[in-house]
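Following: one structure in structure tokens, then a few remarks.
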Amino acid sequence: MTARALSQREIGAELKAHGFTKAGKITTAKSGDYDVWVSEWGEPLMVPVAGPDRRCADFILHERLQKVMATKPRS
């Protein structure tokens, strides 16, 4: 089974639906490129992106999103 690669548009739509705002990009020598998103409560989410169209595997995005959503304060 192959992972589905999400486009920048799909990544943005998913994260914006959960209240995230894009904060920037980071490039590291070891790990590559990341888009940085921040939740409404200030928790960062680093999305690894690869290739010329900066795609991310759906399972990676959802694993990371789930971890950040678990930090959401309960009111």
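By convention here, the chains of the structure tokens are called A, B, ... in the order presented, each chain's residues are numbered starting at 1, and ligands are numbered starting at 1 in the order presented.
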
Inset, instruction - Write out as a PyMOL selection string the residues lying within 12 Å of A:Ser31, counting only C-alpha atoms and excluding same-chain residues fewer than 2 positions away. - result: chain A and resi 26-29+33-34+46-50

Inset, instruction - Using DSSP on the backbone coordinates, identify the residues of chain A assigned to helix (DSSP H, G or I); present them as a list of chain:residue names. - result: A:Gln8, A:Arg9, A:Glu10, A:Ile11, A:Gly12, A:Ala13, A:Glu14, A:Leu15, A:Lys16, A:Ala17, A:Asp58, A:Phe59, A:Ile60, A:Leu61, A:His62, A:Glu63, A:Arg64, A:Leu65, A:Gln66, A:Lys67, A:Val68, A:Met69

Legend entry - Shortest interatomic distance to A:Val38 - which of A:Ala13, A:Cys56, A:Leu65, A:Ala5, counting only C-alpha atoms: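 Smallest separation from A:Val38 among the options: A:Leu65.
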
Legend entry - 10 Å contact set for A:Glu43, only C-alpha atoms, chain neighbours under 4 positions out, as a list in words: Phe20, Trp37, Val38, Ser39, Val68, Met69, Thr71 and Lys72 of chain A

Dump of N, CA, C and O atoms for the selected residues, as a CSV table (one decimal), in the first residue's frame:
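Saved file part_9.csv follows:
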chain,number,residue,atom,x,y,z
A,20,PHE,N,-5.5,26.1,12.3
A,20,PHE,CA,-4.1,26.3,12.2
A,20,PHE,C,-3.8,27.5,11.3
A,20,PHE,O,-4.6,27.7,10.3
A,37,TRP,N,3.2,25.4,11.0
A,37,TRP,CA,1.8,25.8,11.3
A,37,TRP,C,1.7,26.0,12.8
A,37,TRP,O,2.3,25.3,13.5
A,38,VAL,N,0.8,26.9,13.2
A,38,VAL,CA,0.6,27.1,14.6
A,38,VAL,C,-0.9,27.0,14.9
A,38,VAL,O,-1.7,27.6,14.2
A,39,SER,N,-1.2,26.2,16.0
A,39,SER,CA,-2.6,26.1,16.4
A,39,SER,C,-3.2,27.3,17.0
A,39,SER,O,-2.4,28.2,17.3
A,68,VAL,N,-0.8,17.0,18.0
A,68,VAL,CA,-1.0,18.4,18.4
A,68,VAL,C,-2.4,18.6,18.9
A,68,VAL,O,-2.6,19.3,19.9
A,69,MET,N,-3.4,18.0,18.3
A,69,MET,CA,-4.7,18.2,18.7
A,69,MET,C,-4.9,17.6,20.1
A,69,MET,O,-5.7,18.2,20.9
A,71,THR,N,-3.0,18.2,22.5
A,71,THR,CA,-2.5,19.2,23.5
A,71,THR,C,-3.6,20.3,23.6
A,71,THR,O,-3.3,21.2,24.4
A,72,LYS,N,-4.6,20.3,22.9
A,72,LYS,CA,-5.6,21.4,23.0
A,72,LYS,C,-6.2,21.5,24.4
A,72,LYS,O,-6.7,20.5,24.9

Inset, instruction - Rank nothing, just name the residue among A:Asp58, A:Glu40, A:Asp35, A:Asp53 nearest to A:Ala3, using only C-alpha atoms. - result: A:Asp58

Legend entry - Among listed residues A:Gly51, A:Thr2, A:Ile60, A:Leu45, nearest A:Lys25 (using only C-alpha atoms): A:Leu45

Inset, instruction - To one decimal in Å, tell me the separation between atom CA of A:Lys67 and atom CA of A:Lys30. - result: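 Rounded to one decimal, the two atoms are 22.7 Å apart.
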
Inset, instruction - Write out as a PyMOL selection string all residues of chain A that DSSP puts in strand (DSSP E or B) for this structure's backbone. - result: chain A and resi 5-6+21-28+32-38+44-50+55-57

Legend entry - Point-to-point distance in Å for atom CA of A:Pro73 and atom CA of A:Gly24: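 Calculated distance between atom CA of A:Gly24 and atom CA of A:Pro73 is 23.8 Å.
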